[in-house]
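*Asks:* If you scroll down you'll find the structure; I have some questions about it.
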Amino acid sequence: MKQFFLVFLVTILFLGCSSSNDSSDSNTQPPPNLKPATVNHHKSSIPNLVVMVDFANITTTQTEAFWSSKIFGTNPGEANDYYAQNSYSTHFQLTQPIETYNTPNDGIIKVTLSTNHPNISINSSGFKNTIQQTLASALNQADSYIDFSIYDANNDGYLQNYELNIIFIFAGYEDAYEGKHVTNGVWAHSSCFSASKKYDGVEVSNCKKNGSYVVVGEQHNASSPHPATIGIIVHELGHALFKLPDLYNTAGSYGGIGGFGLMSSGMWGFKTGENPGATPVHMCAWSKTYTGWITPKEVSGPSTLTSTDQSGYDIIKIPIDSTHYYLLENRSVTGYDAGFKKILINGSSYQGGILLWKINNNKLTVDNFLYNNVNADTNNKGVDVVEAKNPVLNNISNYGSVDGFFFSPNATAYKSIFDGVSTPASVMNINIK
Ligand SMILES: [Zn+2]
């Protein structure tokens with residue numbers, strides 16, 4: 001289990017991974033109460049070009065068919081299955097662009113660069129420039145197999161993140177898995193080009209119009225490698241496609257929302273016999289409202305909550321004041337939330353339960369999104385988990401505990417808040433006092 005804590009500790013060093021400009025090192029005070037414009041593009045699908053990048057000194061180990069299935073497939077452990085289960089009636093899917101490389105239209109173009117793997121730590125000052133030189137070389141080759149211009153649906157000369165996103169899979173290793181830089185490793189991230197990268201007459205992945213790309217390393221665990229699991233891929237796509245912020249503490253080693261959502265350490269969820277990240281837990285309730293996939297309901301008195309893996313999944317909103325509110329959701333024991341079992345303290349006893357979220361709009365500001373600081377203050381988070389019993393997230397570096405859930409064995413700890421919660425079931429009767 002050691003590597004998971006390492007991953008967590010160093011993940012927090014990765015500042016600005018959701019930032020879409022060059023100023024992510026700044027840390028100015030945000031203007032109060034300024035909510036970022038929603039980035040909900042109301043798309044049920046977005047074309048994603050996958051570029052496998054081989055280098056002179058290291059090449060990819062998996063076939064194009066393998067990565068086409070991992071990204072576009074709809075079986076458990078494949079990215080489109082994850083997004084289908086998280087987006088409910090929207091049924092969001094990544095689609096394969098039209099391309100002529102090898103197997104046409106499988107969404108995969110493989111390029112071979114004459115240079116070695118950039119092999120640069122994300123903590124190095126030259127990281128972004130070095131990586132973007134590599135990406136430009138890869139795009140120069142990929143351009144032969146795709147007409148980027150056909151994805152500029154609004155004809156503004158730029159490919160927005162909802163018109164075409166690019167996923168670069170670098171041969172070599174994933175630094176985020178190791179929690180440190182390894183030889184021929186790259187730290188997964190989502191970013192964009194500030195400089196012009198024009199192909200077929202359109203700017204590709206340009207920051208100016210919300211263009212985006214994702215970079216991941218092909219293999220996890222350099223000492224005993226396996227192909228990357230989907231967790232970190234769907235996490236980075238959460239940044240690129242939906243502009244979701246990181247919800248771990250981007251400025252410290254503990255706090256944030258721990259393992260309770262995809263945009264934090266929940267990306268590393270897995271089940272017995274799997275590798276970490278094979279079963280990333282669901283996006284948290286707030287993230288699903290931000291993407292526009294769920295509109296929370298406001299209730300009074302007894303109500304029901306359908307669990308995350310069911311088509312009727314819903315969220316209850318309880319206003320506190322003009323800027324704060326609670327969200328309640330019912331996390332499942334099956335589907336992707338089964339990934340809780342291997343990452344939470346006492347996770348083996350996880351049977352599902354209610355999560356209570358406290359949302360602070362004062363922290364959900366344009367600047368905090370821009371600088372990835374939504375949850376950078378442990379004592380004042382934008383998106384917080386109200387742990388049912390024995391809170392641990394703010395005290396030690398961990399992914400959280402099953403005690404964070406409201407469920408019947410915890411009842412004495414929270415009876416003043418709820419009645420009638422909650423034996424594990426897909427629909428629970430609850431009574432908010
Ligand atoms: Zn991130």
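We label chains A, B, ... in the order they appear in the structure tokens, count residues from 1 in each chain, and number ligands from 1 in the order shown.
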For Phe340 of chain A, list every protein, DNA or RNA residue within 12 Å, evaluated using only C-alpha atoms, and leave out those in the same chain fewer than 4 positions away; present the list as a ChimeraX atom specification.

*Replies:* /A:258-262,265-272,276-282,331-336,344-353,399-402,404-405

*Asks:* Set the distance at 10 Å and use only C-alpha atoms: which residues neighbour Tyr325 of chain A once local chain neighbours fewer than 6 positions away are removed? I'd like the list as a PyMOL selection string.

*Replies:* chain A and resi 317-319+357-361

*Asks:* If you keep C-alpha atoms, can you produce a file of those selected residues as a JSON list (two decimals), in the first residue's frame?

*Replies:*
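Saved to result-v8.json:
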[["chain", "number", "residue", "atom", "x", "y", "z"],
["A", 317, "LYS", "CA", -29.36, 20.22, -1.81],
["A", 318, "ILE", "CA", -29.86, 21.84, 1.60],
["A", 319, "PRO", "CA", -29.25, 25.60, 1.63],
["A", 357, "TRP", "CA", -20.84, 17.61, 1.20],
["A", 358, "LYS", "CA", -20.51, 21.21, 2.34],
["A", 359, "ILE", "CA", -20.07, 23.65, -0.51],
["A", 360, "ASN", "CA", -18.71, 27.17, -0.09],
["A", 361, "ASN", "CA", -19.36, 29.39, -3.11]]

*Asks:* Could you pull the residues within 10 Å of segment 199-211 of chain A, counting only C-alpha atoms, minus those fewer than 6 positions along the same chain, as a PyMOL selection string?

*Replies:* chain A and resi 19-22+39+139-140+143-144+146-152+155-166+191-193+240-241+243

*Asks:* Output C-alpha atoms for every residue in that selection, as an mmCIF file, in the first residue's frame.

*Replies:*
data_model
loop_
_atom_site.group_PDB
_atom_site.id
_atom_site.type_symbol
_atom_site.label_atom_id
_atom_site.label_comp_id
_atom_site.auth_asym_id
_atom_site.auth_seq_id
_atom_site.Cartn_x
_atom_site.Cartn_y
_atom_site.Cartn_z
ATOM 1 C CA SER A 19 -5.001 25.769 -15.163
ATOM 2 C CA SER A 20 -5.436 26.849 -18.737
ATOM 3 C CA ASN A 21 -2.913 29.638 -18.903
ATOM 4 C CA ASP A 22 0.656 30.403 -17.977
ATOM 5 C CA VAL A 39 -18.241 25.567 -18.602
ATOM 6 C CA LEU A 139 1.581 16.852 -33.712
ATOM 7 C CA ASN A 140 3.766 17.593 -36.747
ATOM 8 C CA ASP A 143 -1.103 15.992 -38.791
ATOM 9 C CA SER A 144 -0.475 13.725 -41.782
ATOM 10 C CA ILE A 146 -6.044 13.826 -39.556
ATOM 11 C CA ASP A 147 -7.730 16.961 -40.877
ATOM 12 C CA PHE A 148 -8.005 19.108 -37.753
ATOM 13 C CA SER A 149 -10.074 21.727 -39.554
ATOM 14 C CA ILE A 150 -13.199 19.584 -39.711
ATOM 15 C CA TYR A 151 -13.509 19.751 -35.904
ATOM 16 C CA ASP A 152 -13.742 23.543 -35.815
ATOM 17 C CA ASN A 155 -15.410 28.164 -37.580
ATOM 18 C CA ASP A 156 -13.566 30.491 -35.209
ATOM 19 C CA GLY A 157 -10.146 29.123 -36.137
ATOM 20 C CA TYR A 158 -9.635 27.433 -32.748
ATOM 21 C CA LEU A 159 -10.387 23.935 -31.497
ATOM 22 C CA GLN A 160 -12.200 24.376 -28.202
ATOM 23 C CA ASN A 161 -11.979 21.623 -25.609
ATOM 24 C CA TYR A 162 -15.439 20.452 -26.620
ATOM 25 C CA GLU A 163 -14.553 20.391 -30.316
ATOM 26 C CA LEU A 164 -11.436 18.193 -30.147
ATOM 27 C CA ASN A 165 -9.247 17.237 -27.187
ATOM 28 C CA ILE A 166 -5.938 15.403 -27.597
ATOM 29 C CA SER A 191 -2.830 21.874 -20.181
ATOM 30 C CA CYS A 192 -2.925 23.902 -23.407
ATOM 31 C CA PHE A 193 -0.616 25.811 -25.754
ATOM 32 C CA ALA A 240 -9.589 19.109 -19.960
ATOM 33 C CA LEU A 241 -13.170 18.475 -21.030
ATOM 34 C CA LYS A 243 -12.724 22.337 -16.447
#

*Asks:* Measure the distance from atom CA of Leu94 of chain A to atom CA of Ala228 of chain A in Å and round it to one decimal.

*Replies:*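 So the answer is 17.8 Å.
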
*Asks:* What does the distance from atom CA of Asp384 of chain A to atom CA of His220 of chain A come to in Å, to one decimal?

*Replies:*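 Going from atom CA of Asp384 of chain A over to atom CA of His220 of chain A covers 29.5 Å.
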
*Asks:* For the strand (DSSP E) assignment from backbone DSSP, which residues of segment 200-414 of chain A qualify? Please present them as a ChimeraX atom specification.

*Replies:* /A:202-203,213-220,226-227,302-306,316-319,324-331,353-360,383-385

*Asks:* Select, from A:Cys284, A:Leu113, A:Ala153, A:Val214, the residue with the minimum atom-to-atom distance to Asn57 of chain A, counting only C-alpha atoms.

*Replies:* A:Leu113

*Asks:* What lies within 8 Å of Gly312 of chain A using only C-alpha atoms, ignoring chain neighbours under 5 positions off, as a ChimeraX atom specification?

*Replies:* /A:88,306-307

*Asks:* For the residues selected in the previous step, produce a file with C-alpha atoms as a compact mmCIF listing (two decimals), in the first residue's frame.

*Replies:*
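Written output follows (selection.txt):
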# COMPACT_ATOMS: atom_id res chain seq x y z
CA TYR A 88 -26.58 9.31 -16.32
CA THR A 306 -30.75 6.73 -5.43
CA SER A 307 -27.17 5.49 -5.43

*Asks:* Pick out each residue of segment 278-371 of chain A that DSSP on the backbone tags as alpha helix (DSSP H); I need them as a count of residues only.

*Replies:* 11

*Asks:* Extract, using only C-alpha atoms, all DNA, RNA and protein residues at most 12 Å from Thr291 of chain A, discarding same-chain residues fewer than 4 positions from it, and format them as a list of chain:residue names.

*Replies:*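 Neighbouring residues, sequence-local ones excluded: A:Ala37, A:Thr38, A:Val39, A:Asn40, A:His41, A:His42, A:Lys43, A:Ser44, A:Tyr83, A:Asn86, A:Ser87, A:Tyr88, A:Thr90, A:Phe92, A:Gly238, A:His239, A:Leu241, A:Phe242, A:Lys243, A:Leu244, A:Pro245, A:Met283, A:Cys284, A:Ala285, A:Trp286, A:Ser287, A:Thr295.
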
*Asks:* Find the residues around Phe406 of chain A up to 7 Å (only C-alpha atoms counted), leave out those fewer than 6 positions away in its own chain, and share them as JSON, numbers by chain.

*Replies:* {"A": [353, 354, 355, 388]}

*Asks:* With N, CA and C atoms retained, could you export that selection as an mmCIF file, in the first residue's frame?

*Replies:*
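Result saved to again09.cif:
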data_model
loop_
_atom_site.group_PDB
_atom_site.id
_atom_site.type_symbol
_atom_site.label_atom_id
_atom_site.label_comp_id
_atom_site.auth_asym_id
_atom_site.auth_seq_id
_atom_site.Cartn_x
_atom_site.Cartn_y
_atom_site.Cartn_z
ATOM 1 N N GLY A 353 -23.071 4.070 1.482
ATOM 2 C CA GLY A 353 -23.528 5.007 2.506
ATOM 3 C C GLY A 353 -23.723 6.394 1.945
ATOM 4 N N ILE A 354 -24.278 7.258 2.798
ATOM 5 C CA ILE A 354 -24.531 8.630 2.395
ATOM 6 C C ILE A 354 -23.280 9.479 2.621
ATOM 7 N N LEU A 355 -22.950 10.310 1.637
ATOM 8 C CA LEU A 355 -21.917 11.323 1.856
ATOM 9 C C LEU A 355 -22.582 12.686 1.955
ATOM 10 N N ALA A 388 -18.779 11.549 8.750
ATOM 11 C CA ALA A 388 -19.816 11.206 9.721
ATOM 12 C C ALA A 388 -19.250 10.984 11.117
#

*Asks:* Name the closest residue to ligand 1 among the candidates A:Thr323, A:Asp314, A:Ala188, A:Gln219; distances are taken between atoms, counting only C-alpha atoms and all ligand atoms.

*Replies:*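 Checking each candidate against ligand 1, we get A:Ala188 as the closest.
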